[in-house]
$ cat run.tsv   # TSV, C-alpha atoms and all ligand atoms
chain	number	residue	atom	x	y	z
Z	1	MET	CA	-13.95	20.07	4.56
Z	2	THR	CA	-15.30	16.58	5.25
Z	3	ILE	CA	-13.05	13.57	5.54
Z	4	PRO	CA	-15.20	10.57	4.57
Z	5	ARG	CA	-15.46	7.67	7.02
Z	6	SER	CA	-13.38	4.73	5.87
Z	7	GLY	CA	-15.51	2.06	4.18
Z	8	ILE	CA	-13.15	-0.50	5.68
Z	9	ARG	CA	-14.28	0.57	9.15
Z	10	GLU	CA	-17.91	0.03	8.13
Z	11	ILE	CA	-17.27	-3.62	7.34
Z	12	PHE	CA	-15.27	-4.02	10.59
Z	13	ASP	CA	-18.30	-2.75	12.49
Z	14	LEU	CA	-20.61	-5.13	10.68
Z	15	ALA	CA	-18.33	-8.09	11.41
Z	16	ARG	CA	-17.86	-7.27	15.09
Z	17	GLY	CA	-19.18	-10.03	17.36
Z	18	VAL	CA	-20.33	-12.28	14.49
Z	19	PRO	CA	-19.10	-15.84	15.21
Z	20	ASP	CA	-17.25	-18.15	12.81
Z	21	LEU	CA	-16.20	-15.53	10.24
Z	22	ILE	CA	-13.15	-15.94	8.02
Z	23	HIS	CA	-11.36	-12.61	7.76
Z	24	PHE	CA	-9.98	-11.19	4.52
Z	25	GLU	CA	-10.41	-7.54	5.33
Z	26	LEU	CA	-7.20	-6.83	7.23
Z	27	GLY	CA	-4.41	-5.11	5.36
Z	28	GLU	CA	-1.59	-6.50	7.44
Z	29	PRO	CA	0.64	-9.57	7.26
Z	30	ASP	CA	-0.39	-12.43	9.53
Z	31	PHE	CA	3.26	-13.45	10.01
Z	32	GLN	CA	5.23	-12.75	13.17
Z	33	MET	CA	7.90	-10.09	13.07
Z	34	PRO	CA	11.20	-11.96	12.40
Z	35	ASP	CA	12.96	-13.21	15.56
Z	36	HIS	CA	16.17	-11.27	14.99
Z	37	VAL	CA	14.13	-8.05	14.78
Z	38	THR	CA	12.30	-8.89	18.01
Z	39	ASP	CA	15.64	-9.69	19.70
Z	40	ALA	CA	17.07	-6.33	18.62
Z	41	SER	CA	14.00	-4.55	20.05
Z	42	ILE	CA	14.34	-6.32	23.40
Z	43	GLN	CA	18.05	-5.59	23.46
Z	44	ALA	CA	17.38	-1.89	22.78
Z	45	LEU	CA	14.91	-1.76	25.66
Z	46	LYS	CA	17.31	-3.53	28.02
Z	47	GLU	CA	20.03	-1.06	27.09
Z	48	GLY	CA	17.71	1.79	27.96
Z	49	PHE	CA	17.42	2.97	24.40
Z	50	THR	CA	14.22	4.80	25.19
Z	51	LYS	CA	15.06	8.46	24.65
Z	52	TYR	CA	14.31	10.96	21.89
Z	53	THR	CA	16.28	10.54	18.68
Z	54	PRO	CA	16.95	13.16	15.98
Z	55	ASN	CA	13.76	14.28	14.16
Z	56	ALA	CA	14.91	12.62	10.95
Z	57	GLY	CA	15.82	9.38	12.71
Z	58	LEU	CA	19.00	7.68	13.92
Z	59	GLU	CA	22.03	8.44	11.79
Z	60	GLU	CA	22.96	4.73	11.71
Z	61	LEU	CA	19.50	3.78	10.45
Z	62	ARG	CA	19.53	6.47	7.75
Z	63	GLU	CA	22.89	5.14	6.59
Z	64	ALA	CA	21.48	1.61	6.36
Z	65	ILE	CA	18.46	2.96	4.47
Z	66	SER	CA	20.72	4.85	2.08
Z	67	GLU	CA	22.59	1.61	1.28
Z	68	LYS	CA	19.33	-0.27	0.81
Z	69	LEU	CA	17.96	2.43	-1.51
Z	70	LYS	CA	21.13	2.25	-3.58
Z	71	HIS	CA	21.23	-1.54	-3.90
Z	72	GLU	CA	17.54	-2.38	-4.13
Z	73	ASN	CA	15.92	0.69	-5.66
Z	74	GLY	CA	18.76	2.22	-7.66
Z	75	LEU	CA	18.32	5.51	-5.78
Z	76	ASP	CA	21.06	7.85	-4.58
Z	77	ALA	CA	20.05	9.38	-1.26
Z	78	ASP	CA	22.37	11.22	1.08
Z	79	PRO	CA	21.68	9.81	4.58
Z	80	HIS	CA	22.36	13.22	6.17
Z	81	SER	CA	20.02	15.35	4.10
Z	82	GLU	CA	17.79	13.26	1.83
Z	83	ILE	CA	16.33	10.56	4.10
Z	84	MET	CA	13.84	10.78	6.89
Z	85	VAL	CA	12.63	7.97	9.18
Z	86	THR	CA	8.88	8.18	9.76
Z	87	ALA	CA	6.17	6.59	11.90
Z	88	GLY	CA	5.10	4.21	9.15
Z	89	ALA	CA	4.48	5.13	5.54
Z	90	VAL	CA	1.36	6.96	6.60
Z	91	ASN	CA	3.38	9.55	8.55
Z	92	ALA	CA	5.56	10.03	5.45
Z	93	LEU	CA	2.47	10.51	3.27
Z	94	SER	CA	0.99	13.04	5.72
Z	95	LEU	CA	4.18	15.08	5.94
Z	96	SER	CA	4.65	14.98	2.16
Z	97	ILE	CA	1.14	16.12	1.33
Z	98	LEU	CA	0.71	18.63	4.14
Z	99	SER	CA	4.04	20.30	3.45
Z	100	THR	CA	3.65	20.63	-0.32
Z	101	VAL	CA	-0.04	20.87	-1.22
Z	102	ASN	CA	-1.63	24.31	-0.85
Z	103	PRO	CA	-5.35	25.05	-0.81
Z	104	GLY	CA	-6.76	24.64	-4.30
Z	105	ASP	CA	-3.81	22.61	-5.61
Z	106	GLU	CA	-4.84	19.57	-7.61
Z	107	VAL	CA	-3.43	16.15	-6.78
Z	108	VAL	CA	-3.75	13.22	-9.17
Z	109	ILE	CA	-4.88	10.10	-7.31
Z	110	PRO	CA	-5.36	6.59	-8.70
Z	111	ASP	CA	-8.95	5.34	-8.30
Z	112	PRO	CA	-9.39	2.83	-6.72
Z	113	GLY	CA	-6.60	3.74	-4.34
Z	114	TYR	CA	-5.39	3.69	-0.77
Z	115	VAL	CA	-7.90	5.67	1.26
Z	116	SER	CA	-5.46	8.00	3.01
Z	117	PHE	CA	-4.33	9.64	-0.26
Z	118	ALA	CA	-7.58	11.52	-0.81
Z	119	ALA	CA	-8.16	12.10	2.91
Z	120	LEU	CA	-4.77	13.79	3.28
Z	121	VAL	CA	-5.23	15.91	0.17
Z	122	LEU	CA	-8.57	17.08	1.57
Z	123	LEU	CA	-6.92	17.81	4.91
Z	124	ALA	CA	-4.44	20.05	3.07
Z	125	GLU	CA	-7.44	21.70	1.37
Z	126	GLY	CA	-6.18	20.42	-1.95
Z	127	VAL	CA	-8.38	18.98	-4.68
Z	128	PRO	CA	-8.19	15.22	-5.32
Z	129	VAL	CA	-8.37	14.48	-9.04
Z	130	TYR	CA	-9.31	10.83	-9.39
Z	131	VAL	CA	-7.97	8.84	-12.32
Z	132	PRO	CA	-10.01	5.68	-12.96
Z	133	LEU	CA	-7.91	2.53	-13.27
Z	134	HIS	CA	-9.09	-0.35	-15.43
Z	135	GLU	CA	-9.16	-4.09	-14.87
Z	136	GLU	CA	-8.33	-4.78	-18.55
Z	137	ASN	CA	-5.09	-2.94	-17.91
Z	138	ASP	CA	-4.38	-4.83	-14.67
Z	139	PHE	CA	-5.25	-1.62	-12.81
Z	140	ARG	CA	-2.06	0.17	-13.83
Z	141	LEU	CA	-1.88	3.94	-13.97
Z	142	THR	CA	-0.74	4.96	-17.46
Z	143	ALA	CA	0.86	8.14	-18.77
Z	144	ASP	CA	-2.23	8.69	-20.97
Z	145	ASP	CA	-4.46	8.58	-17.88
Z	146	VAL	CA	-2.32	11.24	-16.23
Z	147	GLU	CA	-2.02	13.35	-19.38
Z	148	ASN	CA	-5.81	13.58	-19.55
Z	149	VAL	CA	-6.04	15.36	-16.19
Z	150	ILE	CA	-2.77	17.22	-15.72
Z	151	ASN	CA	-3.03	21.02	-15.93
Z	152	LYS	CA	-1.62	24.25	-14.50
Z	153	LYS	CA	-3.23	23.61	-11.11
Z	154	THR	CA	-1.69	20.14	-10.71
Z	155	ARG	CA	0.80	20.11	-7.84
Z	156	MET	CA	1.39	16.41	-7.38
Z	157	ILE	CA	0.84	12.96	-8.91
Z	158	ILE	CA	0.46	10.09	-6.47
Z	159	ILE	CA	1.67	6.67	-7.56
Z	160	ASN	CA	1.19	3.53	-5.52
Z	161	SER	CA	3.00	0.53	-6.92
Z	162	PRO	CA	2.43	-2.24	-5.99
Z	163	SER	CA	-1.05	-0.97	-5.32
Z	164	ASN	CA	-3.46	-1.33	-2.45
Z	165	PRO	CA	-6.24	-2.36	-3.19
Z	166	THR	CA	-5.69	-3.74	-6.71
Z	167	GLY	CA	-2.28	-5.43	-6.54
Z	168	GLY	CA	-1.34	-3.65	-9.77
Z	169	VAL	CA	2.37	-3.05	-10.41
Z	170	GLU	CA	3.50	-0.19	-12.64
Z	171	LEU	CA	5.52	-1.02	-15.72
Z	172	GLN	CA	8.76	0.86	-16.25
Z	173	GLU	CA	7.51	2.31	-19.54
Z	174	ASP	CA	4.43	3.78	-17.83
Z	175	LEU	CA	6.61	5.26	-15.11
Z	176	LYS	CA	8.82	6.81	-17.78
Z	177	GLY	CA	5.80	8.43	-19.41
Z	178	ILE	CA	4.45	9.70	-16.09
Z	179	ALA	CA	7.92	11.02	-15.18
Z	180	GLN	CA	8.10	12.94	-18.45
Z	181	LEU	CA	4.71	14.52	-17.76
Z	182	ALA	CA	5.85	15.48	-14.26
Z	183	ILE	CA	8.98	17.10	-15.69
Z	184	ASP	CA	7.17	18.90	-18.53
Z	185	ASN	CA	4.50	20.25	-16.19
Z	186	ASP	CA	6.78	20.91	-13.20
Z	187	VAL	CA	4.80	18.64	-10.91
Z	188	LEU	CA	5.89	16.62	-7.86
Z	189	VAL	CA	5.49	12.84	-7.68
Z	190	LEU	CA	4.66	11.08	-4.44
Z	191	SER	CA	5.54	7.43	-4.88
Z	192	ASP	CA	4.16	5.08	-2.24
Z	193	GLU	CA	6.26	1.93	-2.43
Z	194	SER	CA	5.08	0.30	0.80
Z	195	TYR	CA	4.61	-3.09	-0.92
Z	196	GLU	CA	7.87	-3.00	-2.93
Z	197	ARG	CA	8.98	-6.46	-1.71
Z	198	ILE	CA	5.68	-8.23	-2.33
Z	199	VAL	CA	5.98	-8.64	-6.09
Z	200	TYR	CA	5.26	-11.99	-7.76
Z	201	PRO	CA	7.54	-13.84	-10.19
Z	202	GLY	CA	7.34	-12.38	-13.68
Z	203	ASN	CA	6.78	-8.85	-12.39
Z	204	GLN	CA	9.24	-6.22	-11.25
Z	205	HIS	CA	9.14	-3.20	-9.00
Z	206	PHE	CA	10.67	0.07	-10.25
Z	207	SER	CA	11.25	3.26	-8.31
Z	208	ILE	CA	10.29	6.28	-10.40
Z	209	ALA	CA	12.78	8.50	-8.54
Z	210	GLY	CA	15.61	6.59	-10.24
Z	211	LEU	CA	14.61	7.91	-13.67
Z	212	PRO	CA	16.55	10.89	-15.10
Z	213	GLU	CA	15.59	14.28	-13.62
Z	214	MET	CA	13.20	12.65	-11.11
Z	215	HIS	CA	15.43	12.63	-8.03
Z	216	ASP	CA	14.47	16.12	-6.86
Z	217	ARG	CA	10.82	16.07	-7.86
Z	218	THR	CA	9.92	12.72	-6.27
Z	219	ILE	CA	9.19	11.84	-2.69
Z	220	SER	CA	9.56	8.07	-2.40
Z	221	VAL	CA	7.85	6.45	0.56
Z	222	PHE	CA	8.75	3.04	2.00
Z	223	SER	CA	7.64	0.99	4.97
Z	224	PHE	CA	8.86	-1.77	7.22
Z	225	SER	CA	5.24	-2.73	7.97
Z	226	LYS	CA	4.56	-5.13	5.10
Z	227	THR	CA	8.08	-6.23	4.16
Z	228	TYR	CA	8.97	-7.40	7.68
Z	229	ALA	CA	5.47	-7.98	9.09
Z	230	MET	CA	5.90	-5.25	11.69
Z	231	THR	CA	2.86	-3.02	11.21
Z	232	GLY	CA	2.50	-2.24	14.92
Z	233	MET	CA	6.07	-1.02	15.23
Z	234	ARG	CA	5.03	2.00	13.15
Z	235	ILE	CA	8.14	2.62	11.13
Z	236	GLY	CA	8.86	3.61	7.56
Z	237	TYR	CA	10.95	6.20	5.74
Z	238	MET	CA	11.06	8.52	2.80
Z	239	THR	CA	13.58	10.07	0.51
Z	240	GLY	CA	13.40	13.27	-1.49
Z	241	SER	CA	15.32	16.43	-2.27
Z	242	THR	CA	17.30	18.13	0.50
Z	243	THR	CA	14.86	21.05	0.47
Z	244	LEU	CA	11.77	18.88	0.88
Z	245	ILE	CA	13.31	16.58	3.50
Z	246	ARG	CA	14.53	19.61	5.49
Z	247	GLN	CA	11.03	21.10	5.40
Z	248	MET	CA	9.37	17.85	6.47
Z	249	THR	CA	11.91	17.20	9.23
Z	250	LYS	CA	11.02	20.62	10.65
Z	251	LEU	CA	7.32	19.75	10.50
Z	252	GLN	CA	7.91	16.35	12.13
Z	253	GLU	CA	9.04	18.09	15.33
Z	254	HIS	CA	5.44	19.20	15.78
Z	255	TYR	CA	3.83	15.88	14.82
Z	256	VAL	CA	5.63	13.11	16.65
Z	257	SER	CA	9.09	14.71	17.18
Z	258	CYS	CA	10.75	11.45	16.26
Z	259	VAL	CA	9.90	7.83	15.64
Z	260	ASN	CA	9.83	5.44	18.63
Z	261	ALA	CA	13.50	4.77	19.43
Z	262	VAL	CA	13.09	1.00	19.90
Z	263	ALA	CA	11.30	0.70	16.54
Z	264	GLN	CA	14.28	2.40	14.92
Z	265	LYS	CA	16.64	-0.22	16.37
Z	266	ALA	CA	14.23	-2.92	15.17
Z	267	ALA	CA	14.27	-1.43	11.68
Z	268	LEU	CA	18.05	-1.33	11.69
Z	269	ALA	CA	18.13	-5.03	12.55
Z	270	ALA	CA	15.59	-5.72	9.80
Z	271	LEU	CA	17.75	-4.00	7.19
Z	272	ARG	CA	21.12	-5.27	8.36
Z	273	GLY	CA	19.99	-8.81	9.21
Z	274	PRO	CA	19.22	-11.84	7.05
Z	275	GLN	CA	16.61	-11.28	4.35
Z	276	ASP	CA	15.42	-14.92	4.05
Z	277	CYS	CA	12.30	-14.02	6.04
Z	278	VAL	CA	11.18	-11.65	3.27
Z	279	ALA	CA	11.67	-14.32	0.61
Z	280	GLU	CA	9.88	-16.93	2.73
Z	281	MET	CA	6.85	-14.70	3.19
Z	282	LEU	CA	6.71	-14.09	-0.55
Z	283	VAL	CA	6.75	-17.85	-1.23
Z	284	GLU	CA	3.81	-18.26	1.14
Z	285	TYR	CA	1.90	-15.32	-0.38
Z	286	THR	CA	2.47	-16.86	-3.80
Z	287	ARG	CA	0.86	-20.16	-2.71
Z	288	ARG	CA	-2.07	-18.32	-1.21
Z	289	ARG	CA	-2.50	-16.18	-4.30
Z	290	GLU	CA	-2.77	-19.25	-6.54
Z	291	LEU	CA	-5.27	-20.94	-4.26
Z	292	LEU	CA	-7.48	-17.91	-3.73
Z	293	ILE	CA	-7.58	-16.64	-7.30
Z	294	ASP	CA	-8.17	-20.11	-8.78
Z	295	GLY	CA	-10.87	-20.79	-6.19
Z	296	LEU	CA	-12.66	-17.49	-6.88
Z	297	ASN	CA	-12.55	-18.06	-10.65
Z	298	GLU	CA	-14.03	-21.53	-10.22
Z	299	THR	CA	-17.22	-19.91	-8.96
Z	300	ARG	CA	-17.67	-18.47	-12.50
Z	301	VAL	CA	-19.70	-15.68	-10.89
Z	302	ILE	CA	-16.73	-13.93	-9.34
Z	303	THR	CA	-13.81	-13.37	-11.70
Z	304	CYS	CA	-10.35	-12.37	-10.66
Z	305	ARG	CA	-7.08	-11.48	-12.36
Z	306	LYS	CA	-3.89	-12.45	-10.62
Z	307	PRO	CA	-2.45	-9.47	-8.77
Z	308	ALA	CA	1.14	-8.71	-9.80
Z	309	GLY	CA	2.02	-7.66	-6.26
Z	310	THR	CA	0.77	-7.16	-2.66
Z	311	PHE	CA	-1.40	-9.62	-0.74
Z	312	TYR	CA	-4.65	-8.27	-2.16
Z	313	ALA	CA	-7.02	-9.83	-4.68
Z	314	PHE	CA	-9.51	-7.47	-6.30
Z	315	PRO	CA	-12.13	-9.66	-7.96
Z	316	ASN	CA	-14.88	-8.45	-10.25
Z	317	ILE	CA	-18.31	-9.18	-8.76
Z	318	THR	CA	-20.54	-7.51	-11.38
Z	319	LYS	CA	-21.98	-10.85	-12.57
Z	320	THR	CA	-23.61	-11.29	-9.17
Z	321	GLY	CA	-25.80	-8.26	-9.89
Z	322	TYR	CA	-24.91	-6.76	-6.52
Z	323	ASP	CA	-23.03	-3.54	-5.91
Z	324	SER	CA	-19.83	-3.89	-3.94
Z	325	LYS	CA	-21.28	-2.90	-0.55
Z	326	THR	CA	-24.18	-5.35	-0.90
Z	327	MET	CA	-21.80	-8.07	-2.08
Z	328	ALA	CA	-19.52	-7.55	0.92
Z	329	GLN	CA	-22.56	-7.74	3.19
Z	330	LYS	CA	-23.83	-10.90	1.44
Z	331	LEU	CA	-20.42	-12.53	1.68
Z	332	LEU	CA	-20.44	-11.75	5.38
Z	333	THR	CA	-23.93	-12.94	6.16
Z	334	GLU	CA	-24.29	-15.80	3.64
Z	335	ALA	CA	-20.74	-17.12	3.32
Z	336	LYS	CA	-19.29	-15.90	6.63
Z	337	VAL	CA	-16.37	-14.40	4.76
Z	338	VAL	CA	-15.29	-10.81	5.36
Z	339	ALA	CA	-14.02	-8.76	2.41
Z	340	VAL	CA	-13.99	-5.00	1.80
Z	341	PRO	CA	-16.32	-3.40	-0.79
Z	342	GLY	CA	-14.27	-1.99	-3.68
Z	343	VAL	CA	-16.13	1.29	-3.48
Z	344	ALA	CA	-14.41	1.96	-0.14
Z	345	PHE	CA	-11.32	2.71	-2.26
Z	346	GLY	CA	-13.00	5.13	-4.64
Z	347	LYS	CA	-15.83	5.34	-7.15
Z	348	SER	CA	-13.98	3.18	-9.66
Z	349	GLY	CA	-13.76	0.39	-7.10
Z	350	GLU	CA	-17.47	-0.22	-7.61
Z	351	GLY	CA	-18.03	-3.70	-9.03
Z	352	TYR	CA	-15.15	-5.20	-7.04
Z	353	VAL	CA	-14.35	-6.40	-3.54
Z	354	ARG	CA	-10.95	-6.63	-1.89
Z	355	PHE	CA	-9.69	-9.83	-0.30
Z	356	SER	CA	-6.50	-9.61	1.72
Z	357	PHE	CA	-4.81	-13.01	1.62
Z	358	ALA	CA	-2.70	-12.26	4.65
Z	359	THR	CA	-4.33	-15.31	6.20
Z	360	ASN	CA	-3.36	-18.99	6.24
Z	361	ILE	CA	-3.98	-21.63	3.58
Z	362	ASP	CA	-6.57	-23.49	5.69
Z	363	ASN	CA	-8.64	-20.34	6.04
Z	364	ILE	CA	-8.41	-19.70	2.31
Z	365	LYS	CA	-9.54	-23.28	1.51
Z	366	LYS	CA	-12.45	-23.04	3.93
Z	367	ALA	CA	-13.45	-19.62	2.59
Z	368	ILE	CA	-13.35	-20.81	-1.02
Z	369	ASP	CA	-15.69	-23.70	-0.13
Z	370	ARG	CA	-18.09	-21.29	1.49
Z	371	ILE	CA	-17.93	-18.76	-1.37
Z	372	ARG	CA	-18.37	-21.52	-3.96
Z	373	ASP	CA	-21.41	-22.80	-2.08
Z	374	TYR	CA	-22.87	-19.30	-1.81
Z	375	CYS	CA	-22.22	-18.51	-5.49
Z	376	SER	CA	-23.84	-21.77	-6.60
Z	377	ARG	CA	-27.05	-20.34	-5.19
Z	378	LEU	CA	-26.75	-17.16	-7.30
Z	379	THR	CA	-27.93	-16.72	-10.84
Z	380	PRO	CA	-25.22	-14.91	-12.76
Z	381	LEU	CA	-26.38	-11.83	-14.68
Z	382	THR	CA	-24.57	-12.80	-17.87
Z	383	PRO	CA	-23.76	-16.34	-19.06
Z	384	ALA	CA	-20.62	-17.56	-17.31
Z	401	LIG	C1	-0.61	1.86	0.04
Z	401	LIG	C2	-0.36	2.00	1.48
Z	401	LIG	N1	0.40	3.02	1.90
Z	401	LIG	C3	0.66	3.20	3.20
Z	401	LIG	C4	0.17	2.35	4.15
Z	401	LIG	C5	0.49	2.61	5.59
Z	401	LIG	O1	1.49	1.74	6.03
Z	401	LIG	P1	2.31	1.98	7.34
Z	401	LIG	O2	1.96	0.88	8.26
Z	401	LIG	O3	3.74	1.91	6.91
Z	401	LIG	O4	1.96	3.33	7.87
Z	401	LIG	C6	-0.64	1.28	3.78
Z	401	LIG	C7	-1.22	0.38	4.79
Z	401	LIG	O5	-2.03	-0.47	4.54
Z	401	LIG	C8	-0.91	1.09	2.40
Z	401	LIG	O6	-1.67	0.09	1.98
$ encode --input "run.tsv" --output "structure tokens" --more "lines below"
Ligand SMILES: Cc1ncc(COP(=O)(O)O)c(C=O)c1O
Amino acid sequence: MTIPRSGIREIFDLARGVPDLIHFELGEPDFQMPDHVTDASIQALKEGFTKYTPNAGLEELREAISEKLKHENGLDADPHSEIMVTAGAVNALSLSILSTVNPGDEVVIPDPGYVSFAALVLLAEGVPVYVPLHEENDFRLTADDVENVINKKTRMIIINSPSNPTGGVELQEDLKGIAQLAIDNDVLVLSDESYERIVYPGNQHFSIAGLPEMHDRTISVFSFSKTYAMTGMRIGYMTGSTTLIRQMTKLQEHYVSCVNAVAQKAALAALRGPQDCVAEMLVEYTRRRELLIDGLNETRVITCRKPAGTFYAFPNITKTGYDSKTMAQKLLTEAKVVAVPGVAFGKSGEGYVRFSFATNIDNIKKAIDRIRDYCSRLTPLTPA
């Protein structure tokens, strides 16, 4: 089994040491972790809160998560048996896939999609079944897409809404259709909701596990990384049936035993504390989104739909005549702007590049000037 090298790493390597670049490749918020969360972390350290915790996480934190899931996601999750605190969403994804997917099992994966989905399925010796997403459909996964590939060997459907890298947000009616297929075919759903709080006005996030008969067949994965700008704290959580959570908690003992104790106190403060910081970040992302997307579209060579969620733009670059890797290289060398080739996220990402607008307005303005200047020197393939 070969786990492909991340295409994001390739562009990091290319950018290393090059002066005066503007960076759009990083998938993490540029904001500071909120002060009250930092204070809670320092307090925890000072109090000597540096010992092992239960495998599934602090009881108090699981209770706070249970309340959050109820109020924000419409999910009922027993804090004692249906919630597990994890070392970021990625630890939740690993445990979910490695504890449920057997060799030869098929797993439906959106393409383009977050790179770890396919890597983890391969690690479990499962078979990734890629479902191409389409720009005309704002890169949403539809029930028809899933119906086309589901069969007796399908073990799991992975959903990622809002999506990295496309910014697509699933509609409730699509989720209903996918849920029905999961029920009819007795398939699990792994729902990665890491970007649940970065959803732009006019769009709405839905948790598929809240639909009838989905509670026990869905593993819902959440993260503190993006919502509270605390990627380096490495904390997230998941909820699922008692059986699955029990199984994964057992497995966790042999991975990381438990999540960093201080990070758990930080997460508790994030959930229990004021939520203005989340709203403020969204306001700022909204401003950046307008500026970046409008600026890209003004080039008339690069075209971009407005993402419904996340801090990613996924513009179409086919008019340039370059494939996505060449375009990312050209942007780096000619415009001094770093973006990730769409193909790094799957075959269907060809023709696109990903810009992460987790960077400030000044950088976005400067980058747009540079990209506009570079594009003015290109001859578009089709009339703009
Ligand atoms: C879709 C998706 N899932 C999971 C993760 C991992 O996040 P975490 O920092 O919570 O492990 C990321 C990180 O970029 C992501 O984009």
$ closest_atom_pairs --input "run.tsv" --of "chain Z" --to "ligand LIG 401 (chain Z)" --cutoff "7 Å" --atoms "all atoms listed in the file" --output "CSV"
residue,atom,partner,partner_atom,distance
Z:Gly27,CA,Z:LIG401,O5,5.3
Z:Glu28,CA,Z:LIG401,O5,6.7
Z:Ala87,CA,Z:LIG401,O4,6.7
Z:Gly88,CA,Z:LIG401,O3,3.5
Z:Ala89,CA,Z:LIG401,O3,3.6
Z:Val90,CA,Z:LIG401,O4,3.9
Z:Asn91,CA,Z:LIG401,O4,6.4
Z:Tyr114,CA,Z:LIG401,C1,5.2
Z:Asn160,CA,Z:LIG401,C1,6.1
Z:Ser163,CA,Z:LIG401,C1,6.1
Z:Asn164,CA,Z:LIG401,C1,4.9
Z:Asp192,CA,Z:LIG401,N1,6.0
Z:Ser194,CA,Z:LIG401,N1,5.5
Z:Ser223,CA,Z:LIG401,O3,4.5
Z:Phe224,CA,Z:LIG401,O3,6.3
Z:Ser225,CA,Z:LIG401,O2,4.9
Z:Thr231,CA,Z:LIG401,O2,5.0
Z:Arg234,CA,Z:LIG401,O2,5.9
Z:Ile235,CA,Z:LIG401,O3,6.1
Z:Gly236,CA,Z:LIG401,O3,5.4
$ write_last_selection --input "run.tsv" --atoms "C-alpha atoms" --output "short mmCIF file (atom, residue, chain, number, x, y, z; two decimals), in the frame of the given file"
data_model
loop_
_atom_site.label_atom_id
_atom_site.label_comp_id
_atom_site.auth_asym_id
_atom_site.auth_seq_id
_atom_site.Cartn_x
_atom_site.Cartn_y
_atom_site.Cartn_z
CA GLY Z 27 -4.41 -5.11 5.36
CA GLU Z 28 -1.59 -6.50 7.44
CA ALA Z 87 6.17 6.59 11.90
CA GLY Z 88 5.10 4.21 9.15
CA ALA Z 89 4.48 5.13 5.54
CA VAL Z 90 1.36 6.96 6.60
CA ASN Z 91 3.38 9.55 8.55
CA TYR Z 114 -5.39 3.69 -0.77
CA ASN Z 160 1.19 3.53 -5.52
CA SER Z 163 -1.05 -0.97 -5.32
CA ASN Z 164 -3.46 -1.33 -2.45
CA ASP Z 192 4.16 5.08 -2.24
CA SER Z 194 5.08 0.30 0.80
CA SER Z 223 7.64 0.99 4.97
CA PHE Z 224 8.86 -1.77 7.22
CA SER Z 225 5.24 -2.73 7.97
CA THR Z 231 2.86 -3.02 11.21
CA ARG Z 234 5.03 2.00 13.15
CA ILE Z 235 8.14 2.62 11.13
CA GLY Z 236 8.86 3.61 7.56
#
$ atom_distance --input "run.tsv" --atom1 "atom CA of Z:Ile371" --atom2 "atom CA of Z:Phe12"
19.2 Å
$ closest_residue --input "run.tsv" --among "Z:Val301, Z:Phe49, Z:Gly342, Z:Gly309" --to "Z:Leu378" --atoms "only C-alpha atoms"
Z:Val301
$ closest_atom_pairs --input "run.tsv" --of "stretch 245-330 of chain Z" --to "stretch 196-205 of chain Z" --cutoff "9 Å" --atoms "only C-alpha atoms" --output "JSON lines"
{"residue": "Z:Val278", "atom": "CA", "partner": "Z:Arg197", "partner_atom": "CA", "distance": 7.5}
{"residue": "Z:Ala279", "atom": "CA", "partner": "Z:Arg197", "partner_atom": "CA", "distance": 8.6}
{"residue": "Z:Met281", "atom": "CA", "partner": "Z:Ile198", "partner_atom": "CA", "distance": 8.6}
{"residue": "Z:Leu282", "atom": "CA", "partner": "Z:Ile198", "partner_atom": "CA", "distance": 6.2}
{"residue": "Z:Val283", "atom": "CA", "partner": "Z:Tyr200", "partner_atom": "CA", "distance": 8.9}
{"residue": "Z:Tyr285", "atom": "CA", "partner": "Z:Ile198", "partner_atom": "CA", "distance": 8.3}
{"residue": "Z:Thr286", "atom": "CA", "partner": "Z:Tyr200", "partner_atom": "CA", "distance": 6.9}
{"residue": "Z:Pro307", "atom": "CA", "partner": "Z:Tyr200", "partner_atom": "CA", "distance": 8.2}
{"residue": "Z:Ala308", "atom": "CA", "partner": "Z:Tyr200", "partner_atom": "CA", "distance": 5.6}
{"residue": "Z:Gly309", "atom": "CA", "partner": "Z:Val199", "partner_atom": "CA", "distance": 4.1}
{"residue": "Z:Thr310", "atom": "CA", "partner": "Z:Ile198", "partner_atom": "CA", "distance": 5.0}
{"residue": "Z:Phe311", "atom": "CA", "partner": "Z:Ile198", "partner_atom": "CA", "distance": 7.4}
$ closest_residue --input "run.tsv" --among "Z:Gly113, Z:His23, Z:Ser94, Z:Asp369" --to "Z:Val338" --atoms "all atoms listed in the file"
Z:His23
$ atom_distance --input "run.tsv" --atom1 "atom CA of Z:Arg354" --atom2 "atom CA of Z:Lys325"
11.1 Å
$ residues_around --input "run.tsv" --residues "stretch 260-274 of chain Z" --least-positions-apart "2" --cutoff "10 Å" --atoms "all atoms listed in the file" --output "PyMOL selection string"
chain Z and resi 33-45+48-54+57-58+60-65+67-68+85-87+223-225+227-228+230+232-236+256-258+276-278
$ residues_around --input "run.tsv" --residues "Z:Leu296" --least-positions-apart "3" --cutoff "8 Å" --atoms "all atoms listed in the file" --output "number ranges by chain"
Z: 292-293, 299-300, 302-304, 315, 368, 371-372
$ residues_near_point --input "run.tsv" --point "(-27.4, -17.9, -4.0)" --cutoff "12 Å" --atoms "all atoms listed in the file" --output "number ranges by chain"
Z: 299, 301, 320-322, 327, 330-331, 333-335, 370-380
$ atom_distance --input "run.tsv" --atom1 "atom CA of Z:Val221" --atom2 "atom CA of Z:Lys347"
24.9 Å
$ closest_residue --input "run.tsv" --among "Z:Arg217, Z:His80, Z:Arg287, Z:Lys153" --to "Z:Asn102" --atoms "only C-alpha atoms"
Z:Lys153
$ closest_residue --input "run.tsv" --among "Z:Asn55, Z:Asp76, Z:Val108, Z:Ala209" --to "Z:Glu253" --atoms "all atoms listed in the file"
Z:Asn55
